[in-house]
>>> print(open('my_file17.txt').read())   # compact mmCIF, C-alpha atoms
# COMPACT_ATOMS: atom_id res chain seq x y z
CA MET A 1 -7.08 9.47 -15.71
CA MET A 2 -6.13 6.03 -14.46
CA ASP A 3 -8.32 4.51 -11.72
CA VAL A 4 -5.97 3.65 -8.85
CA LEU A 5 -8.61 1.52 -7.13
CA THR A 6 -8.91 -0.69 -10.19
CA LEU A 7 -5.15 -1.13 -10.34
CA VAL A 8 -5.02 -2.34 -6.74
CA HIS A 9 -7.93 -4.71 -7.44
CA ARG A 10 -10.53 -2.84 -5.39
CA THR A 11 -14.03 -1.62 -6.18
CA GLN A 12 -14.63 0.64 -3.17
CA PRO A 13 -12.51 3.12 -1.20
CA LEU A 14 -11.68 2.32 2.38
CA PHE A 15 -12.97 4.21 5.43
CA GLY A 16 -16.14 5.56 3.79
CA GLU A 17 -18.49 4.36 6.53
CA ASP A 18 -16.17 5.52 9.33
CA LEU A 19 -15.76 8.95 7.73
CA HIS A 20 -19.54 9.26 7.48
CA THR A 21 -20.08 8.15 11.08
CA PHE A 22 -17.58 10.64 12.49
CA ALA A 23 -18.05 13.41 9.90
CA ASP A 24 -19.50 15.97 12.32
CA GLU A 25 -16.89 15.32 15.01
CA LEU A 26 -14.04 15.61 12.52
CA SER A 27 -15.38 18.85 11.04
CA GLU A 28 -16.05 20.42 14.44
CA LYS A 29 -12.55 19.67 15.68
CA VAL A 30 -10.89 20.95 12.51
CA GLN A 31 -12.93 24.17 12.44
CA ALA A 32 -12.00 24.93 16.05
CA SER A 33 -8.27 24.27 15.70
CA ARG A 34 -4.89 25.38 14.44
CA PHE A 35 -2.82 22.75 12.62
CA LEU A 36 0.89 22.40 11.90
CA VAL A 37 1.75 19.73 9.33
CA LEU A 38 5.43 18.77 9.15
CA GLY A 39 6.67 17.03 6.03
CA GLY A 40 3.44 18.20 4.49
CA ALA A 41 4.55 18.32 0.85
CA GLY A 42 5.15 14.61 0.36
CA THR A 43 2.41 12.38 -0.97
CA ILE A 44 0.94 11.57 2.45
CA GLY A 45 1.54 15.06 3.79
CA GLN A 46 -0.29 16.65 0.86
CA ALA A 47 -3.19 14.22 1.33
CA VAL A 48 -3.43 15.07 5.03
CA SER A 49 -3.19 18.81 4.34
CA LYS A 50 -6.05 18.61 1.83
CA GLU A 51 -8.22 16.65 4.27
CA ILE A 52 -7.68 19.37 6.89
CA PHE A 53 -8.08 22.27 4.44
CA LYS A 54 -11.45 21.14 3.10
CA ARG A 55 -12.86 21.06 6.67
CA GLN A 56 -12.12 24.79 7.20
CA PRO A 57 -9.45 24.99 9.94
CA LYS A 58 -8.68 28.14 11.87
CA ALA A 59 -5.09 27.79 10.66
CA LEU A 60 -3.18 25.31 8.53
CA HIS A 61 0.56 25.80 8.31
CA VAL A 62 2.52 23.31 6.22
CA VAL A 63 6.28 22.89 6.56
CA ASP A 64 8.49 20.89 4.21
CA ILE A 65 12.07 20.95 2.98
CA SER A 66 10.90 20.68 -0.64
CA GLU A 67 10.09 24.11 -2.05
CA ASN A 68 8.84 22.66 -5.34
CA ASN A 69 6.44 20.21 -3.70
CA LEU A 70 5.02 22.99 -1.52
CA VAL A 71 4.34 25.02 -4.65
CA GLU A 72 2.50 22.06 -6.14
CA LEU A 73 0.48 21.61 -2.93
CA VAL A 74 -0.70 25.24 -3.08
CA ARG A 75 -1.53 24.99 -6.78
CA ASP A 76 -3.41 21.74 -6.20
CA ILE A 77 -5.43 23.14 -3.29
CA ARG A 78 -6.24 26.41 -5.04
CA SER A 79 -7.25 24.57 -8.22
CA SER A 80 -9.46 21.99 -6.47
CA LEU A 81 -10.62 23.41 -3.14
CA GLY A 82 -10.16 27.16 -3.55
CA TYR A 83 -9.90 29.30 -0.42
CA ILE A 84 -10.85 29.31 3.25
CA GLN A 85 -11.31 32.03 5.83
CA GLY A 86 -8.65 30.42 8.00
CA ASP A 87 -4.92 31.11 7.80
CA PHE A 88 -3.29 28.83 5.21
CA GLN A 89 0.47 29.17 4.69
CA THR A 90 3.39 27.02 3.58
CA PHE A 91 7.02 27.28 4.72
CA ALA A 92 10.05 25.76 2.96
CA LEU A 93 12.04 24.83 6.07
CA ASP A 94 14.14 21.96 7.39
CA ILE A 95 12.59 21.01 10.73
CA GLY A 96 16.04 20.37 12.19
CA SER A 97 17.29 23.86 11.32
CA VAL A 98 17.77 27.10 13.25
CA GLU A 99 15.32 28.76 10.86
CA TYR A 100 12.62 26.28 11.82
CA GLN A 101 13.30 26.89 15.51
CA ALA A 102 12.87 30.64 14.92
CA PHE A 103 9.64 29.92 13.05
CA ILE A 104 8.25 27.88 15.97
CA ASN A 105 9.27 30.56 18.46
CA SER A 106 7.46 33.26 16.50
CA MET A 107 4.17 31.45 15.81
CA PRO A 108 1.08 31.23 18.03
CA ASP A 109 0.61 27.80 19.57
CA TYR A 110 -0.88 25.00 17.50
CA ASP A 111 -3.63 22.67 18.69
CA TYR A 112 -2.51 19.71 16.58
CA VAL A 113 0.95 18.91 15.27
CA LEU A 114 1.13 16.21 12.59
CA ASN A 115 4.55 14.89 11.64
CA LEU A 116 4.63 13.24 8.20
CA SER A 117 8.35 13.71 7.56
CA ALA A 118 10.27 10.48 7.05
CA LEU A 119 12.89 8.67 5.08
CA LYS A 120 10.74 5.78 3.92
CA HIS A 121 12.92 3.74 1.57
CA VAL A 122 14.52 0.46 2.60
CA ARG A 123 17.32 1.37 0.18
CA SER A 124 18.33 4.22 2.52
CA GLU A 125 20.11 1.74 4.78
CA LYS A 126 22.65 0.83 2.10
CA ASP A 127 25.34 3.18 3.48
CA PRO A 128 26.05 4.47 7.00
CA PHE A 129 25.62 8.13 6.03
CA THR A 130 22.11 7.97 4.57
CA LEU A 131 21.21 5.56 7.37
CA MET A 132 22.25 8.12 9.97
CA ARG A 133 20.13 10.76 8.24
CA MET A 134 17.21 8.31 8.36
CA ILE A 135 17.75 7.88 12.11
CA ASN A 136 17.81 11.66 12.59
CA THR A 137 14.70 12.20 10.48
CA ASN A 138 12.58 9.29 11.67
CA ILE A 139 13.56 9.31 15.35
CA PHE A 140 15.26 12.45 16.61
CA ASN A 141 13.42 15.05 14.54
CA THR A 142 10.25 13.41 15.80
CA GLU A 143 11.45 13.64 19.38
CA SER A 144 12.48 17.30 19.03
CA THR A 145 9.18 18.37 17.46
CA LEU A 146 7.36 16.37 20.14
CA ARG A 147 9.20 18.34 22.84
CA GLN A 148 8.32 21.59 21.07
CA SER A 149 4.66 20.54 21.06
CA ILE A 150 4.76 19.77 24.77
CA LYS A 151 6.31 23.17 25.48
CA ALA A 152 3.63 24.87 23.36
CA HIS A 153 0.78 23.00 25.14
CA ALA A 154 -0.53 21.38 21.97
CA LYS A 155 -3.62 19.21 22.39
CA LYS A 156 -2.19 16.32 20.39
CA TYR A 157 0.90 15.12 18.56
CA PHE A 158 0.53 12.71 15.65
CA SER A 159 3.32 10.95 13.79
CA VAL A 160 3.11 8.55 10.89
CA SER A 161 4.64 5.13 11.43
CA THR A 162 4.65 2.18 9.03
CA ASP A 163 3.47 -1.41 8.75
CA LYS A 164 7.18 -2.28 8.60
CA ALA A 165 7.49 -1.27 12.27
CA ALA A 166 5.60 -4.46 13.22
CA ASN A 167 8.27 -7.16 13.61
CA PRO A 168 10.79 -5.10 11.60
CA VAL A 169 13.38 -6.80 9.40
CA ASN A 170 14.95 -3.65 7.90
CA MET A 171 16.47 -0.54 9.40
CA MET A 172 13.73 1.72 8.04
CA GLY A 173 11.00 -0.25 9.82
CA ALA A 174 13.17 -0.56 12.92
CA SER A 175 13.75 3.21 12.99
CA LYS A 176 10.00 3.75 13.00
CA ARG A 177 9.57 1.15 15.77
CA ILE A 178 12.15 3.04 17.85
CA MET A 179 10.29 6.27 17.05
CA GLU A 180 7.17 4.65 18.51
CA MET A 181 9.14 3.89 21.70
CA PHE A 182 10.22 7.51 22.07
CA LEU A 183 6.63 8.63 21.52
CA MET A 184 5.44 6.26 24.26
CA ARG A 185 7.76 8.11 26.64
CA GLY A 186 6.46 11.47 25.44
CA SER A 187 2.86 10.31 25.86
CA THR A 188 3.09 10.89 29.59
CA GLN A 189 3.29 14.62 28.86
CA ILE A 190 1.12 15.03 25.76
CA PRO A 191 -1.46 12.83 24.01
CA VAL A 192 0.09 11.12 20.99
CA SER A 193 -1.26 8.87 18.27
CA MET A 194 0.14 7.18 15.19
CA ALA A 195 -0.84 5.25 12.09
CA ARG A 196 0.63 2.18 10.48
CA PHE A 197 -0.55 1.62 6.96
CA ALA A 198 0.26 -0.13 3.75
CA ASN A 199 2.13 1.07 0.71
CA VAL A 200 0.61 4.27 -0.67
CA ALA A 201 -0.05 3.63 -4.34
CA PHE A 202 1.91 5.96 -6.64
CA SER A 203 3.43 7.94 -3.76
CA ASP A 204 6.57 9.93 -4.62
CA GLY A 205 9.53 7.61 -5.09
CA SER A 206 7.51 4.41 -4.85
CA LEU A 207 7.86 1.60 -7.37
CA LEU A 208 4.39 2.37 -8.74
CA HIS A 209 5.34 6.03 -9.15
CA GLY A 210 8.36 4.74 -11.02
CA PHE A 211 6.05 3.04 -13.52
CA ASN A 212 4.87 6.49 -14.64
CA GLN A 213 8.47 7.62 -15.05
CA ARG A 214 9.45 4.54 -17.05
CA LEU A 215 6.62 5.10 -19.53
CA LEU A 216 7.50 8.77 -19.90
CA LYS A 217 11.09 7.80 -20.67
CA ASN A 218 10.33 4.75 -22.84
CA GLN A 219 12.03 2.39 -20.41
CA PRO A 220 11.15 -1.15 -19.28
CA ILE A 221 8.81 -1.83 -16.37
CA VAL A 222 10.66 -3.84 -13.72
CA ALA A 223 9.16 -5.31 -10.53
CA PRO A 224 9.74 -8.13 -8.02
CA SER A 225 7.63 -11.18 -8.72
CA ASP A 226 7.51 -12.55 -5.16
CA ILE A 227 6.92 -9.50 -2.92
CA LYS A 228 3.31 -9.03 -1.85
CA ARG A 229 2.01 -5.81 -0.35
CA TYR A 230 -1.21 -4.08 0.72
CA PHE A 231 -1.97 -0.77 -1.01
CA VAL A 232 -3.97 2.30 -0.06
CA THR A 233 -4.62 5.37 -2.19
CA PRO A 234 -3.03 8.73 -1.32
CA GLN A 235 -6.41 10.10 -0.22
CA GLU A 236 -6.97 7.10 2.05
CA SER A 237 -3.57 7.67 3.64
CA GLY A 238 -4.58 11.25 4.50
CA GLN A 239 -7.92 10.14 5.90
CA LEU A 240 -6.29 7.49 8.06
CA CYS A 241 -3.82 9.98 9.51
CA LEU A 242 -6.52 12.58 10.19
CA MET A 243 -8.77 10.08 11.97
CA SER A 244 -5.91 8.82 14.10
CA CYS A 245 -4.94 12.37 15.03
CA LEU A 246 -8.42 13.64 15.86
CA LEU A 247 -10.21 10.49 17.02
CA GLY A 248 -7.43 8.40 18.54
CA ASP A 249 -6.89 8.08 22.27
CA ASN A 250 -3.46 8.63 23.79
CA ARG A 251 -0.92 6.08 22.48
CA ASP A 252 -3.30 4.61 19.87
CA ILE A 253 -1.84 3.31 16.62
CA PHE A 254 -4.44 3.12 13.83
CA PHE A 255 -4.22 0.68 10.92
CA PRO A 256 -6.54 -0.46 8.11
CA LYS A 257 -8.40 -3.67 8.80
CA LEU A 258 -7.83 -6.48 6.38
CA SER A 259 -10.96 -7.33 4.43
CA ASP A 260 -12.17 -8.51 1.05
CA GLU A 261 -11.40 -5.03 -0.26
CA LEU A 262 -7.83 -4.92 1.07
CA HIS A 263 -5.71 -7.90 0.10
CA LEU A 264 -2.14 -8.74 -0.79
CA LEU A 265 -0.94 -8.13 -4.34
CA THR A 266 2.42 -8.73 -5.94
CA PHE A 267 4.15 -5.79 -7.58
CA SER A 268 4.26 -7.77 -10.81
CA GLU A 269 0.45 -8.16 -10.76
CA ILE A 270 0.01 -4.42 -10.40
CA ALA A 271 2.64 -3.76 -13.07
CA GLN A 272 0.77 -5.84 -15.63
CA ALA A 273 -2.55 -4.20 -14.74
CA TYR A 274 -0.89 -0.78 -15.02
CA ILE A 275 0.55 -1.48 -18.47
CA GLN A 276 -2.80 -2.76 -19.74
CA ALA A 277 -4.57 0.29 -18.30
CA ARG A 278 -2.18 2.47 -20.28
CA GLY A 279 -3.15 0.65 -23.47
CA TYR A 280 -0.17 -1.64 -23.90
CA GLU A 281 0.31 -5.39 -23.93
CA PRO A 282 2.92 -6.61 -21.38
CA VAL A 283 5.82 -8.59 -22.89
CA LEU A 284 7.82 -10.61 -20.37
CA CYS A 285 11.59 -10.46 -20.79
CA ASP A 286 14.38 -12.77 -19.62
CA SER A 287 17.05 -10.21 -18.78
CA GLU A 288 17.69 -6.51 -18.19
CA GLN A 289 19.57 -6.23 -21.48
CA GLN A 290 16.69 -7.76 -23.45
CA ALA A 291 14.21 -5.44 -21.72
CA ARG A 292 16.31 -2.36 -22.53
CA GLU A 293 16.67 -3.38 -26.16
CA LEU A 294 12.96 -4.14 -26.62
CA ALA A 295 12.06 -0.77 -25.10
CA LEU A 296 13.41 0.80 -28.31
CA THR A 297 10.90 -0.98 -30.56
CA LEU A 298 7.94 -2.50 -28.69
CA PRO A 299 6.07 0.67 -27.57
CA SER A 300 5.41 1.75 -31.14
CA ARG A 301 3.71 -1.62 -31.66
CA GLY A 302 1.42 -1.27 -28.63
CA LYS A 303 3.54 -3.50 -26.38
CA TRP A 304 5.76 -2.85 -23.37
CA PRO A 305 8.76 -4.83 -22.09
CA CYS A 306 8.59 -6.12 -18.50
CA LEU A 307 11.09 -7.87 -16.28
CA PHE A 308 9.77 -9.64 -13.19
CA THR A 309 12.32 -11.38 -10.96
CA PRO A 310 12.46 -12.70 -7.38
CA SER A 311 13.71 -10.24 -4.77
CA ASP A 312 17.28 -10.75 -3.55
CA THR A 313 18.09 -7.47 -1.78
CA THR A 314 18.62 -6.51 1.87
CA GLY A 315 15.63 -5.56 3.96
CA GLU A 316 12.72 -7.01 2.01
CA LYS A 317 10.02 -8.34 4.33
CA ASP A 318 8.30 -11.54 3.25
CA VAL A 319 5.06 -10.96 5.17
CA GLU A 320 3.30 -7.62 5.57
CA GLU A 321 1.60 -7.04 8.90
CA PHE A 322 0.17 -4.13 10.88
CA PHE A 323 0.51 -5.46 14.43
CA THR A 324 2.35 -8.14 16.39
CA ALA A 325 1.02 -11.08 18.37
CA GLY A 326 1.70 -9.40 21.71
CA GLU A 327 -0.09 -6.12 20.98
CA SER A 328 -3.57 -5.38 22.37
CA LEU A 329 -6.14 -4.54 19.72
CA ASP A 330 -9.48 -2.73 19.50
CA MET A 331 -11.24 -4.03 16.40
CA SER A 332 -14.75 -2.89 17.28
CA ARG A 333 -14.74 0.92 17.43
CA PHE A 334 -14.44 1.44 13.66
CA LYS A 335 -15.69 -0.55 10.70
CA ASP A 336 -12.54 -0.38 8.58
CA LEU A 337 -9.93 0.68 11.13
CA GLY A 338 -8.21 -1.34 13.80
CA ILE A 339 -6.34 0.16 16.74
CA VAL A 340 -3.26 -1.01 18.61
CA LYS A 341 -3.87 0.00 22.24
CA ASN A 342 -0.68 0.81 24.12
CA GLU A 343 0.28 1.45 27.71
CA ALA A 344 3.07 3.91 28.47
CA GLN A 345 5.67 1.16 28.56
CA TYR A 346 9.26 2.13 27.79
CA ASN A 347 12.74 1.82 29.26
CA ALA A 348 14.00 5.36 29.75
CA ASP A 349 17.59 4.25 30.44
CA GLU A 350 17.75 2.25 27.21
CA LEU A 351 16.29 5.12 25.17
CA ASP A 352 18.75 7.57 26.72
CA TYR A 353 21.67 5.22 26.03
CA PHE A 354 20.60 4.86 22.40
CA ALA A 355 20.36 8.64 21.97
CA GLN A 356 23.73 9.21 23.71
CA GLN A 357 25.52 6.67 21.51
CA ILE A 358 24.09 8.17 18.33
CA LYS A 359 25.11 11.65 19.44
CA ALA A 360 28.63 10.42 20.28
CA MET A 361 28.99 8.91 16.80
CA GLN A 362 27.86 12.15 15.20
CA GLN A 363 30.24 14.24 17.28
CA GLN A 364 33.09 11.90 16.40
CA GLY A 365 32.24 12.37 12.74
CA SER A 366 32.66 8.73 11.82
CA TRP A 367 30.59 5.57 12.24
CA GLN A 368 29.98 2.20 10.64
CA LYS A 369 26.70 0.59 9.67
CA VAL A 370 27.48 -2.42 11.83
CA ASP A 371 27.63 -0.15 14.90
CA LEU A 372 24.21 1.32 14.12
CA VAL A 373 22.74 -2.16 13.59
CA GLU A 374 24.17 -3.25 16.94
CA LEU A 375 22.55 -0.28 18.68
CA PHE A 376 19.21 -1.13 17.11
CA CYS A 377 19.52 -4.76 18.21
CA ASN A 378 20.40 -3.73 21.77
CA LEU A 379 17.23 -1.66 21.97
CA MET A 380 15.13 -4.28 20.16
CA PRO A 381 16.45 -7.79 20.92
CA GLU A 382 13.74 -9.24 18.67
CA PHE A 383 14.99 -7.26 15.65
CA SER A 384 16.14 -9.72 12.97
CA HIS A 385 18.28 -7.85 10.45
CA THR A 386 19.82 -9.90 7.66
CA GLU A 387 22.53 -8.30 5.54
CA VAL A 388 22.79 -9.90 2.11
CA GLY A 389 25.09 -7.29 0.57
CA ARG A 390 22.72 -6.39 -2.29
CA TYR A 391 20.58 -3.27 -2.49
CA LEU A 392 17.93 -1.88 -4.81
CA ASP A 393 20.34 0.71 -6.22
CA GLY A 394 22.16 -2.19 -7.86
CA LYS A 395 19.12 -3.12 -9.94
CA MET A 396 17.00 -1.50 -12.65
>>> encode(input="my_file17.txt", output="structure tokens")
Amino acid sequence: MMDVLTLVHRTQPLFGEDLHTFADELSEKVQASRFLVLGGAGTIGQAVSKEIFKRQPKALHVVDISENNLVELVRDIRSSLGYIQGDFQTFALDIGSVEYQAFINSMPDYDYVLNLSALKHVRSEKDPFTLMRMINTNIFNTESTLRQSIKAHAKKYFSVSTDKAANPVNMMGASKRIMEMFLMRGSTQIPVSMARFANVAFSDGSLLHGFNQRLLKNQPIVAPSDIKRYFVTPQESGQLCLMSCLLGDNRDIFFPKLSDELHLLTFSEIAQAYIQARGYEPVLCDSEQQARELALTLPSRGKWPCLFTPSDTTGEKDVEEFFTAGESLDMSRFKDLGIVKNEAQYNADELDYFAQQIKAMQQQGSWQKVDLVELFCNLMPEFSHTEVGRYLDGKM
């Protein structure tokens, strides 16, 4: 099995000392509590669910729209962790559906609600229809499940954010920043916390996950040569979310501290390390056509075609960051975790106007991307969105 840490140029996992320091507190809180994990069958959701499961919760209910991924979660947990005395169940439901509402109405109250559901791809802003679904998923499903948690007297509501919410340049990051604003408003009625973290290595749908698919299908490995990102492992993503949920104060946003162990890497660097780890020699190509042609012959000779080019698509952020210059930070409580400390600052009228305009577009049944971008800019005057007319779906 390939060592993910080696691929992301690290020798040690993150958060080990913090997990050890707070081990008893985390276990005690989990063992005394009922958990609802939404979007729990994605890569991060499965990692969070496993972190909760192994600490013996009273109840762990996992909801996700993907029936197949839920099946894999159960098989994974049963095969690695076994069984617990607590109530562990999964439910293949859309959290915006009438079936989910009936589910919530029928269940005993949960102590902690963790929302991991999201549309996470920058490419999802390419058309107004997928973009609207992203807005519904990232913002309004969060708000509706937050209201349900308030009504059910939950102790805490956690939602995953993203590093791209700090000074966002794409609609995905901006949608998560707006989600944070709505959660600030909700924080006056229920404690909330969040996490911003780096790319999760080999998460479903990620470029690194695509490397596995390309090798399985004897296809070239393609990556941007100029985009640098921080990477965490799936397990680290689950640990970060759990610590934010159980240890964070109201309105805290957790993020991994930058250190010698966590540094920027280009996708092309990781691609070459990945190919070598799989026993092949990378061969750099000059074009897509050359890479496709060489994929027919090179693998049998222990080589693999690669194409690394500069990024030229909408929404790519040059610099990855976890916080902005104006945010207040606590860098002392944890060894490997930083915290953005927030006050309950929000403009209720602006949030209401945003929600009303989105609802009006949906009721009308027609909208343009430019109108959605304008709404985002009205709510976030600092949002710098540049449309270049090219998207990742137009590339290999």
>>> closest_residue(input="my_file17.txt", among="A:Arg278, A:Met171, A:Gly86, A:Phe103", to="A:Ser384", atoms="only C-alpha atoms")
A:Met171
>>> residues_around(input="my_file17.txt", residues="A:Asp76", least_positions_apart="2", cutoff="12 Å", atoms="all atoms listed in the file", output="list of chain:residue names")
A:Ala41, A:Gln46, A:Ala47, A:Ser49, A:Lys50, A:Phe53, A:Asn69, A:Leu70, A:Val71, A:Glu72, A:Leu73, A:Val74, A:Arg78, A:Ser79, A:Ser80, A:Leu81, A:Gly82, A:Tyr83
>>> axis_aligned_box(input="my_file17.txt", around="stretch 131-141 of chain A", padding_each_side="4 Å", output="lines of an AutoDock Vina configuration file")
center_x = 17.4
center_y = 10.3
center_z = 12.0
size_x = 17.7
size_y = 17.5
size_z = 17.2
>>> residues_near_point(input="my_file17.txt", point="(-2.5, 11.7, 5.3)", cutoff="6 Å", atoms="all atoms listed in the file", output="VMD selection string")
chain A and resid 44 to 45 47 to 48 237 to 239 241
>>> closest_residue(input="my_file17.txt", among="A:Ala198, A:Gly96, A:Val192, A:Cys306", to="A:Gln276", atoms="only C-alpha atoms")
A:Cys306
>>> closest_residue(input="my_file17.txt", among="A:Val98, A:Gly338, A:Ser66, A:Arg55", to="A:Ile84", atoms="all atoms listed in the file")
A:Arg55
>>> residues_around(input="my_file17.txt", residues="A:Glu143", least_positions_apart="5", cutoff="9 Å", atoms="all atoms listed in the file", output="list in words")
Asn138, Gln148, Met179, Phe182, Leu183 and Gly186 of chain A
>>> residues_around(input="my_file17.txt", residues="A:Pro220", least_positions_apart="4", cutoff="8 Å", atoms="all atoms listed in the file", output="NGL selection string")
:A and (214-215 or 291-292 or 295 or 304-307)
>>> write_last_selection(input="my_file17.txt", atoms="C-alpha atoms", output="PDB file, in the coordinates of the input")
ATOM      1  CA  ARG A 214       9.450   4.540 -17.050  1.00  0.00           C
ATOM      2  CA  LEU A 215       6.620   5.100 -19.530  1.00  0.00           C
ATOM      3  CA  ALA A 291      14.210  -5.440 -21.720  1.00  0.00           C
ATOM      4  CA  ARG A 292      16.310  -2.360 -22.530  1.00  0.00           C
ATOM      5  CA  ALA A 295      12.060  -0.770 -25.100  1.00  0.00           C
ATOM      6  CA  TRP A 304       5.760  -2.850 -23.370  1.00  0.00           C
ATOM      7  CA  PRO A 305       8.760  -4.830 -22.090  1.00  0.00           C
ATOM      8  CA  CYS A 306       8.590  -6.120 -18.500  1.00  0.00           C
ATOM      9  CA  LEU A 307      11.090  -7.870 -16.280  1.00  0.00           C
TER      10      LEU A 307
END
>>> closest_residue(input="my_file17.txt", among="A:Asp249, A:Asp94, A:Glu269, A:Glu51", to="A:Glu343", atoms="only C-alpha atoms")
A:Asp249
>>> atom_distance(input="my_file17.txt", atom1="atom CA of A:Ser187", atom2="atom CA of A:Arg251")
6.6 Å
>>> residues_around(input="my_file17.txt", residues="stretch 344-349 of chain A", least_positions_apart="2", cutoff="6 Å", atoms="only C-alpha atoms", output="count of residues only")
3
>>> closest_residue(input="my_file17.txt", among="A:Leu265, A:Leu14, A:Ile253, A:Leu36", to="A:Asn342", atoms="all atoms listed in the file")
A:Ile253
>>> closest_residue(input="my_file17.txt", among="A:Ile270, A:Leu131, A:Met361, A:Val222", to="A:Cys285", atoms="only C-alpha atoms")
A:Val222
>>> residues_around(input="my_file17.txt", residues="A:Ser244", least_positions_apart="4", cutoff="8 Å", atoms="all atoms listed in the file", output="list in words")
Phe158, Ser193, Met194, Ala195, Leu240, Gly248, Asp252, Ile253 and Phe254 of chain A
>>> atom_distance(input="my_file17.txt", atom1="atom CA of A:His263", atom2="atom CA of A:Gly173")
20.8 Å
>>> atom_distance(input="my_file17.txt", atom1="atom CA of A:Ala152", atom2="atom CA of A:Tyr110")
7.4 Å
>>> build_atoms(input="my_file17.txt", residues="stretch 370-384 of chain A", atoms="N, CA and C atoms", output="mmCIF file, in the frame of the given file")
data_model
loop_
_atom_site.group_PDB
_atom_site.id
_atom_site.type_symbol
_atom_site.label_atom_id
_atom_site.label_comp_id
_atom_site.auth_asym_id
_atom_site.auth_seq_id
_atom_site.Cartn_x
_atom_site.Cartn_y
_atom_site.Cartn_z
ATOM 1 N N VAL A 370 27.566 -1.319 10.872
ATOM 2 C CA VAL A 370 27.480 -2.420 11.830
ATOM 3 C C VAL A 370 27.258 -1.904 13.249
ATOM 4 N N ASP A 371 27.823 -0.727 13.565
ATOM 5 C CA ASP A 371 27.630 -0.150 14.900
ATOM 6 C C ASP A 371 26.197 0.331 15.092
ATOM 7 N N LEU A 372 25.599 0.880 14.033
ATOM 8 C CA LEU A 372 24.210 1.320 14.120
ATOM 9 C C LEU A 372 23.271 0.117 14.248
ATOM 10 N N VAL A 373 23.562 -0.947 13.487
ATOM 11 C CA VAL A 373 22.740 -2.160 13.590
ATOM 12 C C VAL A 373 22.821 -2.729 15.000
ATOM 13 N N GLU A 374 24.005 -2.729 15.580
ATOM 14 C CA GLU A 374 24.170 -3.250 16.940
ATOM 15 C C GLU A 374 23.364 -2.438 17.945
ATOM 16 N N LEU A 375 23.353 -1.120 17.788
ATOM 17 C CA LEU A 375 22.550 -0.280 18.680
ATOM 18 C C LEU A 375 21.068 -0.594 18.562
ATOM 19 N N PHE A 376 20.615 -0.778 17.334
ATOM 20 C CA PHE A 376 19.210 -1.130 17.110
ATOM 21 C C PHE A 376 18.886 -2.462 17.777
ATOM 22 N N CYS A 377 19.763 -3.436 17.630
ATOM 23 C CA CYS A 377 19.520 -4.760 18.210
ATOM 24 C C CYS A 377 19.543 -4.720 19.735
ATOM 25 N N ASN A 378 20.385 -3.870 20.317
ATOM 26 C CA ASN A 378 20.400 -3.730 21.770
ATOM 27 C C ASN A 378 19.077 -3.200 22.295
ATOM 28 N N LEU A 379 18.497 -2.249 21.555
ATOM 29 C CA LEU A 379 17.230 -1.660 21.970
ATOM 30 C C LEU A 379 16.056 -2.569 21.642
ATOM 31 N N MET A 380 16.191 -3.368 20.584
ATOM 32 C CA MET A 380 15.130 -4.280 20.160
ATOM 33 C C MET A 380 15.727 -5.681 19.972
ATOM 34 N N PRO A 381 15.837 -6.454 21.040
ATOM 35 C CA PRO A 381 16.450 -7.790 20.920
ATOM 36 C C PRO A 381 15.757 -8.686 19.902
ATOM 37 N N GLU A 382 14.490 -8.411 19.620
ATOM 38 C CA GLU A 382 13.740 -9.240 18.670
ATOM 39 C C GLU A 382 13.998 -8.838 17.223
ATOM 40 N N PHE A 383 14.744 -7.759 16.996
ATOM 41 C CA PHE A 383 14.990 -7.260 15.650
ATOM 42 C C PHE A 383 15.884 -8.240 14.887
ATOM 43 N N SER A 384 15.375 -8.764 13.782
ATOM 44 C CA SER A 384 16.140 -9.720 12.970
ATOM 45 C C SER A 384 16.540 -9.053 11.664
#
